[in-house]
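Asker: Quick one: the structure is below, questions incoming.
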Amino acid sequence: MLKKLFKTKYVPYDAKYIQLSAEDERNIRTITDDIKNYIARSDKASNIDYHTRDAHAKGYCALKAKFEILDNLPAEYAQGFYAKSGIHDAVIRFSNGASRVSPDSKLGLAQGLAIKVFDVAGEKLAPGEEDSTNFDFNLINHPVFFCNRIEDYAYISKLFLELPKYTEKGARGKAQLAFNWLTNYGSRLPTKESFKTFKAVGGFTTIEPKNTLLYDFHSQGVVRHGDYMAKIRVTPTKAAAKKVTRRELDVNAREEAIRPLIIDEIREHDYQFDVQIQLCRHLKKQPIEEITTEWKESDAPFVTVATLTIPCQDVPDDGHFDIMESLSFTPFRCLEENRPIGNLQQSRLKAYQIASQTRHKLNDVKRREPKSLKETFDKSFF
């Protein structure tokens, strides 16, 4: 009786968090149109000879990995993808979160970890890829996002794409960014929500400079976790973190400061992250729609459900550039039981799809989804 009384309760999954209104659909079309237009001119924006992603444009390296789902997980954690233990091959891409390809000193320290896990059974949500055997993660080294709702992202996304232009102008550019962000380009008075999102984007400037391998990476938004709802964190194991000898990062020391730190470590030793789930226990403390709000670990602990191992491997100095540019990652290449939820996250379904299709078409590269590490690292595959 006492065990039932004091048993931890988790908030059940609610399908209302994936519903979209007609206005949401209109705003999603605005967002995807902006993405297509930016990618079409991304070569000129970065002064390069190829077209990039609209975010995470600069890849640092693509690496071979192993993703192991642990055995004997508690029932509330063994949900969907994590219900069956086992080891899967995977490929990962480390990247910078900015929309430009530039020297590291100009891009900020928001960095991404994308993971593609192979040989995962079950129907996937990505349109046209229902039979895919891959499962993707899109994570970043900051616990919160800078926007909560599709209606706000419809104009904030334009600002994000042009952030480098604002920062290049120094104090004047920052003032202009603040005005446009808070007032939707002068079309309205600042609101509580606009102040909240502007504060959230400022949080990215507080990221500590260090070797990419030492960061925690977060889903930022919420995902369905079978019967429940959760956030995801990928964090270095203590043993792995101790192996890193190149710990300090100085982006002003040389044009390419971040990539060598990662590659040189992986050339010398393996590395491992814990993949963790943070289940929602209380909607007021862990809101689903307010992804500018961090879920405190004291309110909802992270529990390790899998490990991500990067074996020691030979990596070219360019970090497998061609492979990085050919790969696509989307958080909707997943099972229904593990889908992204929340209003803003639903816009990612079409955004990622349109971005990938546009980029591959403009670069005249076949848009193909590899089914194994062998295909991924076979340059003739794409």
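If you're wondering about the labels, chains in the structure tokens are A, B, ... by order shown, residues count from 1 in each chain, ligands from 1 in order shown.
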Do a neighbour search on A:Ile115 at 9 Å with only C-alpha atoms, toss out local chain neighbours closer than 5 positions, and write the hits as a PyMOL selection string.

Answerer: chain A and resi 65+90-93+135-139+329

Asker: Using only C-alpha atoms, determine which residues lie at most 6 Å from stretch 251-260 of chain A, disregarding the query and same-chain residues fewer than 5 positions distant; provide the list as a PyMOL selection string.

Answerer: chain A and resi 60+103-105

Asker: Quick one: DSSP strand (DSSP E) residues in stretch 20-82 of chain A, as a PyMOL selection string?

Answerer: chain A and resi 59-69

Asker: Mind checking which residues fall within 6 Å of A:Ser85, counting only C-alpha atoms, ignoring those fewer than 6 positions away in the same chain, and posting them as a compact mmCIF listing (two decimals) with N, CA, C and O atoms, in the first residue's frame?

Answerer:
```txt
# COMPACT_ATOMS: atom_id res chain seq x y z
N ILE A 69 21.50 0.15 -26.49
CA ILE A 69 20.35 0.29 -25.58
C ILE A 69 20.54 -0.70 -24.44
O ILE A 69 20.77 -1.90 -24.67
N LEU A 70 20.47 -0.21 -23.22
CA LEU A 70 20.78 -1.04 -22.06
C LEU A 70 19.68 -2.04 -21.74
O LEU A 70 18.51 -1.85 -22.08
N ASP A 71 20.07 -3.09 -21.08
CA ASP A 71 19.16 -4.17 -20.68
C ASP A 71 18.56 -3.86 -19.31
O ASP A 71 19.10 -3.07 -18.54
```

Asker: For each of A:Asp322, A:Leu344, A:Gly170, A:Val201, take the minimum atom-to-atom distance to A:Asn363, counting only C-alpha atoms, then give the residue where this is smallest.

Answerer: A:Asp322
